Amino acid sequence: MSRAADLPDQPAPPARRLLLKGALAAGALAAATPVAAHATAPAGRPKAAPYVNPLVRNRADPHITRHTDGFYYFTATAPEYDRIVLRRSRTLNGLGAAAESVIWRAHPTGDMGAHIWAPEMHRVDGTWYIYFAAAPAEDVWAIRIWVLANSHADPFRGTWVEKGQIKTAWETFSLDATTFAHRGTRYLAWAQHEPGMDNNTAIWLSEMASPWTLTGPQVRLTTSEYDWERIGFAVNEGPYVLHRNGRLFMTYSASATDHNYCMGLLTADEDSDLMDPASWAKSPVPVFTSNDTTEQYGPGHNCFTVAEDGRTDVLVYHARQYKEIDGDPLNDPNRHTRVQPLRWKPDGSPDFGVPVADGPTGQGA
């Protein structure tokens with residue numbers, strides 16, 4: 001979420017453009033699931049029905065993980081920015097009609113009181129963790145990364161414990177944390193403003209000492225250097241990692257959250273030093289953008305999951321069904337969760353295609 005409108009029911013803060021300008025001048029503006037595991041499908045399983053988009057309405061920044069219990073777990077940003085929700089289903093299509101539970105609510109005052117954004121739920125060493133962004137109720141743009149934990153096998157049960165803020169190198173605007181493991185090391189990737197940089201956010205990477213603590217250096221992998229990354233706002237955010245074909249692919253989102261929002265791609269060899277920014281090659285062009293033919297606008301803040309067949313990779317993202325928006329895009333609730341099969345090019349790199357039109361799309365298996 002490119003991050004600058006207030007909640008509809010909050011007192012209006014300065015306009016985002018003015019906020020950015022003033023904060024940068026003062027130097028004060030803030031700065032998968034691990035790889036989707038392939039499972040073996042039971043013999044004779046019938047072919048899944050086509051996915052039907054939108055999959056879940058009015059849910060942005062979607063995160064879907066398929067767990068070993070056979071369920072798909074879904075969480076996303078609610079447009080009121082005041083809670084964390086959770087759904088589950090045996091099928092991806094089923095998430096659209098699945099009952100939704102509120103597993104945590106924003107605090108009435110103090111930390112974690114406003115702008116509850118972009119939750120991701122990951123299973124790490126037998127515990128569920130949710131990474132999300134939040135700000136103090138009294139300072140709604142002081143957004144930071146926070147963590148919840150639940151040791152119960154069923155994330156709808158047990159107790160969600162607040163583990164606190166993930167401390168990064170600076171106390172600046174930061175959000176969109178995701179975690180993944182590679183060759184025995186767990187990493188956190190996130191978006192943050194670096195003091196002195198002429199941007200909103202860049203993508204950062206760090207090793208983790210625990211699921212809520214960073215260790216060692218924190219390195220910048222990408223900042224908004226191309227024109228398509230700086231429309232409206234200079235944003236790189238929403239990282240997510242997929243490990244396939246001997247490489248790690250890290251997607252991210254760029255520009256403002258209107259129809260200019262789009263996805264970029266970093267690629268690293270699986271044998272490289274992931275903490276060396278030189279290991280990550282950046283696509284000079286966006287890999288997933290708005291499409292007038294299919295009438296899908298502002299696709300981004302994606303993750304990946306795997307289809308019911310246990311083999312087909314699935315792209316999960318949000319988009320709107322129209323281009324023109326009244327007022328600040330962050331006050332428009334109609335970013336809907338969408339899914340479509342992810343294809344692969346002959347060279348082993350992902351082929352994102354275009355955001356498909358509303359209605360049935362592709363086969364789930």
# chains A, B, ... in the order shown; residues from 1 in each chain; ligands from 1

$ residues_around --residues "Pro239 in chain A" --least-positions-apart "5" --cutoff "7 Å" --atoms "only C-alpha atoms" --output "list in words"
Thr178, Ala189, Trp190, Met250, Thr251 and Tyr252 of chain A

$ closest_atom_pairs --of "range 190-292 of chain A" --to "range 347-351 of chain A" --cutoff "10 Å" --atoms "only C-alpha atoms" --output "JSON lines"
{"residue": "A:Leu242", "atom": "CA", "partner": "A:Pro350", "partner_atom": "CA", "distance": 9.8}
{"residue": "A:Arg244", "atom": "CA", "partner": "A:Gly348", "partner_atom": "CA", "distance": 7.9}
{"residue": "A:Asn245", "atom": "CA", "partner": "A:Gly348", "partner_atom": "CA", "distance": 5.8}
{"residue": "A:Gly246", "atom": "CA", "partner": "A:Gly348", "partner_atom": "CA", "distance": 8.6}
{"residue": "A:Arg247", "atom": "CA", "partner": "A:Ser349", "partner_atom": "CA", "distance": 8.5}
{"residue": "A:Leu248", "atom": "CA", "partner": "A:Ser349", "partner_atom": "CA", "distance": 9.8}
{"residue": "A:Phe249", "atom": "CA", "partner": "A:Ser349", "partner_atom": "CA", "distance": 8.3}
{"residue": "A:Leu265", "atom": "CA", "partner": "A:Pro350", "partner_atom": "CA", "distance": 9.6}
{"residue": "A:Thr267", "atom": "CA", "partner": "A:Ser349", "partner_atom": "CA", "distance": 8.9}
{"residue": "A:Val287", "atom": "CA", "partner": "A:Asp351", "partner_atom": "CA", "distance": 8.1}
{"residue": "A:Phe288", "atom": "CA", "partner": "A:Asp351", "partner_atom": "CA", "distance": 9.2}

$ write_last_selection --atoms "C-alpha atoms" --output "PDB file, in the first residue's frame"
ATOM      1  CA  LEU A 242       9.558 -17.338  -4.819  1.00  0.00           C
ATOM      2  CA  ARG A 244      12.219 -21.759  -8.535  1.00  0.00           C
ATOM      3  CA  ASN A 245      14.529 -23.058 -11.269  1.00  0.00           C
ATOM      4  CA  GLY A 246      17.769 -22.361  -9.402  1.00  0.00           C
ATOM      5  CA  ARG A 247      16.897 -18.745  -8.657  1.00  0.00           C
ATOM      6  CA  LEU A 248      15.123 -16.595  -6.103  1.00  0.00           C
ATOM      7  CA  PHE A 249      12.606 -14.173  -7.569  1.00  0.00           C
ATOM      8  CA  LEU A 265      11.228  -7.998 -10.128  1.00  0.00           C
ATOM      9  CA  THR A 267      16.405 -12.087  -9.394  1.00  0.00           C
ATOM     10  CA  VAL A 287       6.614  -7.144 -14.985  1.00  0.00           C
ATOM     11  CA  PHE A 288       2.887  -6.708 -14.169  1.00  0.00           C
TER      12      PHE A 288
END

$ select_by_dssp --residues "range 169-353 of chain A" --states "helix (DSSP H, G or I)" --output "count of residues only"
9

$ atom_distance --atom1 "CA of Thr109 in chain A" --atom2 "CA of Trp212 in chain A"
22.9 Å

$ closest_residue --among "A:Ile64, A:Ala268, A:Ala118, A:Ala137" --to "Leu315 in chain A" --atoms "only C-alpha atoms"
A:Ile64

$ select_by_dssp --residues "range 204-299 of chain A" --states "strand (DSSP E)" --output "PyMOL selection string"
chain A and resi 204-210+213-222+236-244+247-254+262-269+280-282+297-299

$ residues_around --residues "range 289-305 of chain A" --least-positions-apart "3" --cutoff "7 Å" --atoms "only C-alpha atoms" --output "CSV table (one decimal) with all heavy atoms, in the first residue's frame"
chain,number,residue,atom,x,y,z
A,32,ALA,N,8.5,-16.4,0.8
A,32,ALA,CA,7.3,-15.7,0.7
A,32,ALA,C,6.7,-16.7,1.5
A,32,ALA,O,7.3,-17.2,2.3
A,32,ALA,CB,7.6,-15.3,-0.6
A,36,ALA,N,6.4,-21.0,-1.6
A,36,ALA,CA,5.3,-21.9,-1.6
A,36,ALA,C,5.8,-23.3,-1.9
A,36,ALA,O,6.4,-23.6,-2.9
A,36,ALA,CB,4.3,-21.5,-2.6
A,61,ASP,N,-3.7,-6.0,-0.4
A,61,ASP,CA,-2.4,-6.6,0.1
A,61,ASP,C,-2.6,-8.0,0.5
A,61,ASP,O,-2.3,-8.4,1.7
A,61,ASP,CB,-1.9,-5.8,1.3
A,61,ASP,CG,-1.9,-4.3,1.0
A,61,ASP,OD1,-1.6,-3.9,-0.1
A,61,ASP,OD2,-2.2,-3.5,1.9
A,62,PRO,N,-3.2,-8.9,-0.3
A,62,PRO,CA,-3.6,-10.2,0.1
A,62,PRO,C,-2.4,-11.1,0.4
A,62,PRO,O,-1.3,-11.1,-0.3
A,62,PRO,CB,-4.4,-10.8,-1.1
A,62,PRO,CG,-3.8,-10.0,-2.3
A,62,PRO,CD,-3.5,-8.7,-1.8
A,63,HIS,N,-2.5,-12.0,1.3
A,63,HIS,CA,-1.5,-13.1,1.6
A,63,HIS,C,-2.3,-14.4,1.8
A,63,HIS,O,-3.1,-14.5,2.6
A,63,HIS,CB,-0.7,-12.8,2.9
A,63,HIS,CG,0.4,-13.7,3.1
A,63,HIS,ND1,0.4,-14.8,4.0
A,63,HIS,CD2,1.6,-13.9,2.4
A,63,HIS,CE1,1.5,-15.5,3.9
A,63,HIS,NE2,2.2,-15.0,3.0
A,64,ILE,N,-1.9,-15.4,0.9
A,64,ILE,CA,-2.5,-16.7,1.0
A,64,ILE,C,-1.3,-17.7,1.1
A,64,ILE,O,-0.4,-17.7,0.4
A,64,ILE,CB,-3.3,-17.0,-0.3
A,64,ILE,CG1,-4.4,-16.1,-0.4
A,64,ILE,CG2,-3.8,-18.5,-0.2
A,64,ILE,CD1,-5.2,-16.3,-1.7
A,65,THR,N,-1.4,-18.6,2.1
A,65,THR,CA,-0.5,-19.6,2.3
A,65,THR,C,-1.2,-21.0,2.4
A,65,THR,O,-2.3,-21.1,3.0
A,65,THR,CB,0.4,-19.4,3.6
A,65,THR,OG1,1.3,-20.5,3.7
A,65,THR,CG2,-0.5,-19.4,4.8
A,66,ARG,N,-0.7,-22.0,1.7
A,66,ARG,CA,-1.2,-23.3,1.8
A,66,ARG,C,-0.4,-24.1,2.8
A,66,ARG,O,0.8,-24.3,2.7
A,66,ARG,CB,-1.2,-24.0,0.4
A,66,ARG,CG,-1.9,-25.3,0.4
A,66,ARG,CD,-1.8,-26.0,-0.9
A,66,ARG,NE,-2.7,-27.1,-1.0
A,66,ARG,CZ,-2.6,-28.1,-1.9
A,66,ARG,NH1,-1.6,-28.2,-2.7
A,66,ARG,NH2,-3.5,-29.1,-2.0
A,238,GLY,N,6.2,-3.9,-0.6
A,238,GLY,CA,5.5,-5.1,-0.8
A,238,GLY,C,6.4,-6.3,-1.4
A,238,GLY,O,5.9,-7.0,-2.3
A,240,TYR,N,8.1,-9.9,-2.0
A,240,TYR,CA,7.7,-11.3,-1.8
A,240,TYR,C,8.6,-12.2,-2.6
A,240,TYR,O,9.0,-11.8,-3.7
A,240,TYR,CB,6.3,-11.6,-2.2
A,240,TYR,CG,5.7,-12.8,-1.4
A,240,TYR,CD1,5.2,-12.5,-0.1
A,240,TYR,CD2,5.7,-14.0,-1.9
A,240,TYR,CE1,4.7,-13.6,0.7
A,240,TYR,CE2,5.2,-15.1,-1.1
A,240,TYR,CZ,4.7,-14.8,0.2
A,240,TYR,OH,4.2,-15.9,0.9
A,252,TYR,N,8.1,-6.9,-6.1
A,252,TYR,CA,7.8,-5.8,-5.3
A,252,TYR,C,6.9,-4.9,-6.1
A,252,TYR,O,6.7,-5.1,-7.3
A,252,TYR,CB,9.1,-5.0,-4.9
A,252,TYR,CG,9.8,-4.4,-6.0
A,252,TYR,CD1,9.6,-3.1,-6.4
A,252,TYR,CD2,10.8,-5.1,-6.8
A,252,TYR,CE1,10.3,-2.5,-7.5
A,252,TYR,CE2,11.4,-4.5,-7.9
A,252,TYR,CZ,11.2,-3.2,-8.2
A,252,TYR,OH,11.8,-2.7,-9.3
A,253,SER,N,6.3,-3.9,-5.4
A,253,SER,CA,5.4,-3.0,-6.0
A,253,SER,C,5.9,-1.6,-6.0
A,253,SER,O,6.7,-1.2,-5.2
A,253,SER,CB,4.0,-3.0,-5.3
A,253,SER,OG,3.4,-4.3,-5.4
A,257,THR,N,-0.7,4.2,-5.4
A,257,THR,CA,-1.7,3.1,-5.3
A,257,THR,C,-2.9,3.3,-6.2
A,257,THR,O,-3.9,2.6,-6.0
A,257,THR,CB,-2.1,2.8,-3.9
A,257,THR,OG1,-2.7,4.1,-3.4
A,257,THR,CG2,-1.0,2.4,-3.0
A,258,ASP,N,-2.8,4.1,-7.2
A,258,ASP,CA,-3.8,4.3,-8.2
A,258,ASP,C,-3.5,3.3,-9.4
A,258,ASP,O,-2.8,2.3,-9.2
A,258,ASP,CB,-4.0,5.7,-8.7
A,258,ASP,CG,-2.7,6.3,-9.2
A,258,ASP,OD1,-1.7,5.5,-9.5
A,258,ASP,OD2,-2.6,7.6,-9.3
A,259,HIS,N,-3.9,3.7,-10.6
A,259,HIS,CA,-3.7,2.8,-11.7
A,259,HIS,C,-2.2,2.7,-12.1
A,259,HIS,O,-1.8,1.8,-12.9
A,259,HIS,CB,-4.5,3.2,-13.0
A,259,HIS,CG,-4.1,4.6,-13.5
A,259,HIS,ND1,-4.5,5.8,-13.0
A,259,HIS,CD2,-3.3,4.9,-14.6
A,259,HIS,CE1,-4.0,6.8,-13.7
A,259,HIS,NE2,-3.3,6.2,-14.7
A,260,ASN,N,-1.4,3.6,-11.6
A,260,ASN,CA,0.0,3.5,-11.8
A,260,ASN,C,0.8,2.4,-11.0
A,260,ASN,O,1.9,2.1,-11.3
A,260,ASN,CB,0.7,4.9,-11.6
A,260,ASN,CG,0.2,6.0,-12.5
A,260,ASN,OD1,0.3,5.9,-13.7
A,260,ASN,ND2,-0.5,7.0,-11.9
A,261,TYR,N,0.1,1.9,-10.0
A,261,TYR,CA,0.7,0.9,-9.2
A,261,TYR,C,1.1,-0.3,-10.1
A,261,TYR,O,0.3,-0.8,-10.9
A,261,TYR,CB,-0.2,0.5,-8.1
A,261,TYR,CG,0.3,-0.1,-6.9
A,261,TYR,CD1,1.3,0.5,-6.2
A,261,TYR,CD2,-0.2,-1.3,-6.3
A,261,TYR,CE1,1.8,0.0,-5.0
A,261,TYR,CE2,0.3,-1.8,-5.1
A,261,TYR,CZ,1.3,-1.2,-4.5
A,261,TYR,OH,1.8,-1.7,-3.3
A,262,CYS,N,2.3,-0.9,-9.9
A,262,CYS,CA,2.7,-2.0,-10.8
A,262,CYS,C,3.7,-2.8,-10.0
A,262,CYS,O,4.2,-2.5,-8.9
A,262,CYS,CB,3.3,-1.5,-12.1
A,262,CYS,SG,4.7,-0.4,-11.9
A,263,MET,N,4.2,-3.9,-10.7
A,263,MET,CA,5.1,-4.8,-10.0
A,263,MET,C,6.5,-4.8,-10.7
A,263,MET,O,6.5,-4.8,-12.0
A,263,MET,CB,4.6,-6.2,-9.9
A,263,MET,CG,3.5,-6.4,-8.8
A,263,MET,SD,2.6,-7.9,-9.0
A,263,MET,CE,3.9,-9.1,-9.4
A,286,PRO,N,8.6,-2.8,-15.7
A,286,PRO,CA,7.7,-3.5,-14.8
A,286,PRO,C,7.3,-4.9,-15.4
A,286,PRO,O,7.3,-5.0,-16.6
A,286,PRO,CB,6.5,-2.6,-14.7
A,286,PRO,CG,6.6,-1.7,-15.9
A,286,PRO,CD,8.1,-1.6,-16.2
A,313,ASP,N,2.1,-23.0,-9.9
A,313,ASP,CA,2.2,-21.8,-9.1
A,313,ASP,C,1.1,-20.8,-9.4
A,313,ASP,O,0.6,-20.7,-10.5
A,313,ASP,CB,3.6,-21.1,-9.4
A,313,ASP,CG,4.8,-21.9,-8.9
A,313,ASP,OD1,4.8,-22.3,-7.7
A,313,ASP,OD2,5.6,-22.3,-9.7
A,314,VAL,N,0.7,-20.1,-8.3
A,314,VAL,CA,-0.4,-19.1,-8.5
A,314,VAL,C,0.0,-17.8,-8.0
A,314,VAL,O,0.6,-17.6,-6.9
A,314,VAL,CB,-1.6,-19.6,-7.6
A,314,VAL,CG1,-2.8,-18.6,-7.7
A,314,VAL,CG2,-2.1,-21.0,-8.1
A,315,LEU,N,-0.3,-16.8,-8.8
A,315,LEU,CA,0.0,-15.4,-8.5
A,315,LEU,C,-1.2,-14.8,-7.7
A,315,LEU,O,-2.4,-14.9,-8.2
A,315,LEU,CB,0.3,-14.6,-9.7
A,315,LEU,CG,0.4,-13.1,-9.6
A,315,LEU,CD1,1.6,-12.7,-8.8
A,315,LEU,CD2,0.5,-12.4,-11.0
A,316,VAL,N,-1.0,-14.2,-6.6
A,316,VAL,CA,-2.1,-13.6,-5.8
A,316,VAL,C,-1.8,-12.1,-5.7
A,316,VAL,O,-0.6,-11.7,-5.4
A,316,VAL,CB,-2.1,-14.2,-4.4
A,316,VAL,CG1,-3.2,-13.6,-3.5
A,316,VAL,CG2,-2.2,-15.7,-4.4
A,317,TYR,N,-2.8,-11.2,-6.0
A,317,TYR,CA,-2.5,-9.8,-6.0
A,317,TYR,C,-3.8,-9.0,-5.8
A,317,TYR,O,-4.9,-9.7,-5.7
A,317,TYR,CB,-1.9,-9.4,-7.3
A,317,TYR,CG,-2.7,-9.6,-8.5
A,317,TYR,CD1,-3.5,-8.6,-9.1
A,317,TYR,CD2,-2.8,-10.9,-9.1
A,317,TYR,CE1,-4.3,-8.9,-10.2
A,317,TYR,CE2,-3.6,-11.2,-10.2
A,317,TYR,CZ,-4.3,-10.2,-10.8
A,317,TYR,OH,-5.1,-10.4,-11.8
A,318,HIS,N,-3.8,-7.7,-5.7
A,318,HIS,CA,-5.0,-6.9,-5.7
A,318,HIS,C,-5.0,-6.0,-6.9
A,318,HIS,O,-3.9,-5.7,-7.4
A,318,HIS,CB,-5.2,-6.2,-4.3
A,318,HIS,CG,-4.2,-5.0,-4.2
A,318,HIS,ND1,-3.4,-4.8,-3.0
A,318,HIS,CD2,-3.9,-3.9,-5.0
A,318,HIS,CE1,-2.7,-3.7,-3.2
A,318,HIS,NE2,-3.0,-3.2,-4.3
A,319,ALA,N,-6.2,-5.6,-7.3
A,319,ALA,CA,-6.4,-4.6,-8.3
A,319,ALA,C,-7.8,-4.1,-8.2
A,319,ALA,O,-8.6,-4.6,-7.6
A,319,ALA,CB,-6.2,-5.3,-9.7
A,320,ARG,N,-8.0,-2.9,-8.9
A,320,ARG,CA,-9.3,-2.3,-9.0
A,320,ARG,C,-9.9,-2.6,-10.4
A,320,ARG,O,-9.2,-2.9,-11.3
A,320,ARG,CB,-9.2,-0.8,-8.8
A,320,ARG,CG,-8.9,-0.4,-7.4
A,320,ARG,CD,-9.1,1.1,-7.2
A,320,ARG,NE,-8.8,1.6,-5.9
A,320,ARG,CZ,-7.6,1.9,-5.4
A,320,ARG,NH1,-6.6,1.9,-6.2
A,320,ARG,NH2,-7.4,2.4,-4.2
A,321,GLN,N,-11.2,-2.4,-10.5
A,321,GLN,CA,-11.9,-2.6,-11.8
A,321,GLN,C,-12.1,-1.3,-12.6
A,321,GLN,O,-12.8,-1.3,-13.6
A,321,GLN,CB,-13.2,-3.2,-11.5
A,321,GLN,CG,-13.1,-4.6,-10.9
A,321,GLN,CD,-14.3,-5.0,-10.1
A,321,GLN,OE1,-14.8,-4.2,-9.2
A,321,GLN,NE2,-14.9,-6.2,-10.3
A,322,TYR,N,-11.5,-0.2,-12.1
A,322,TYR,CA,-11.6,1.1,-12.8
A,322,TYR,C,-10.4,1.9,-12.6
A,322,TYR,O,-9.6,1.7,-11.6
A,322,TYR,CB,-12.9,1.8,-12.3
A,322,TYR,CG,-13.0,1.9,-10.8
A,322,TYR,CD1,-12.4,2.9,-10.0
A,322,TYR,CD2,-13.8,0.9,-10.1
A,322,TYR,CE1,-12.5,2.9,-8.7
A,322,TYR,CE2,-13.9,1.0,-8.7
A,322,TYR,CZ,-13.3,2.0,-8.0
A,322,TYR,OH,-13.4,2.0,-6.6
A,323,LYS,N,-10.2,2.9,-13.5
A,323,LYS,CA,-9.0,3.7,-13.4
A,323,LYS,C,-9.2,5.0,-12.6
A,323,LYS,O,-8.3,5.4,-11.9
A,323,LYS,CB,-8.6,4.0,-14.9
A,323,LYS,CG,-7.3,4.9,-14.9
A,323,LYS,CD,-6.9,5.2,-16.4
A,323,LYS,CE,-6.5,4.0,-17.2
A,323,LYS,NZ,-5.9,4.4,-18.5
A,354,VAL,N,-0.8,-10.6,-18.1
A,354,VAL,CA,-1.5,-9.5,-17.7
A,354,VAL,C,-2.5,-9.8,-16.6
A,354,VAL,O,-2.9,-11.0,-16.5
A,354,VAL,CB,-2.2,-8.9,-18.9
A,354,VAL,CG1,-1.2,-8.5,-20.0
A,354,VAL,CG2,-3.3,-9.8,-19.5
A,355,PRO,N,-3.0,-8.9,-15.8
A,355,PRO,CA,-4.1,-9.2,-14.9
A,355,PRO,C,-5.3,-9.5,-15.6
A,355,PRO,O,-5.8,-8.8,-16.5
A,355,PRO,CB,-4.2,-7.9,-14.1
A,355,PRO,CG,-3.6,-6.8,-14.9
A,355,PRO,CD,-2.5,-7.5,-15.7
A,356,VAL,N,-5.9,-10.7,-15.4
A,356,VAL,CA,-6.9,-11.2,-16.2
A,356,VAL,C,-8.3,-10.5,-15.9
A,356,VAL,O,-8.4,-9.9,-14.8
A,356,VAL,CB,-7.1,-12.8,-16.0
A,356,VAL,CG1,-5.9,-13.5,-16.4
A,356,VAL,CG2,-7.4,-13.1,-14.5
A,357,ALA,N,-9.2,-10.6,-16.8
A,357,ALA,CA,-10.5,-10.0,-16.7
A,357,ALA,C,-11.3,-10.7,-15.6
A,357,ALA,O,-11.0,-11.8,-15.2
A,357,ALA,CB,-11.3,-10.0,-18.0
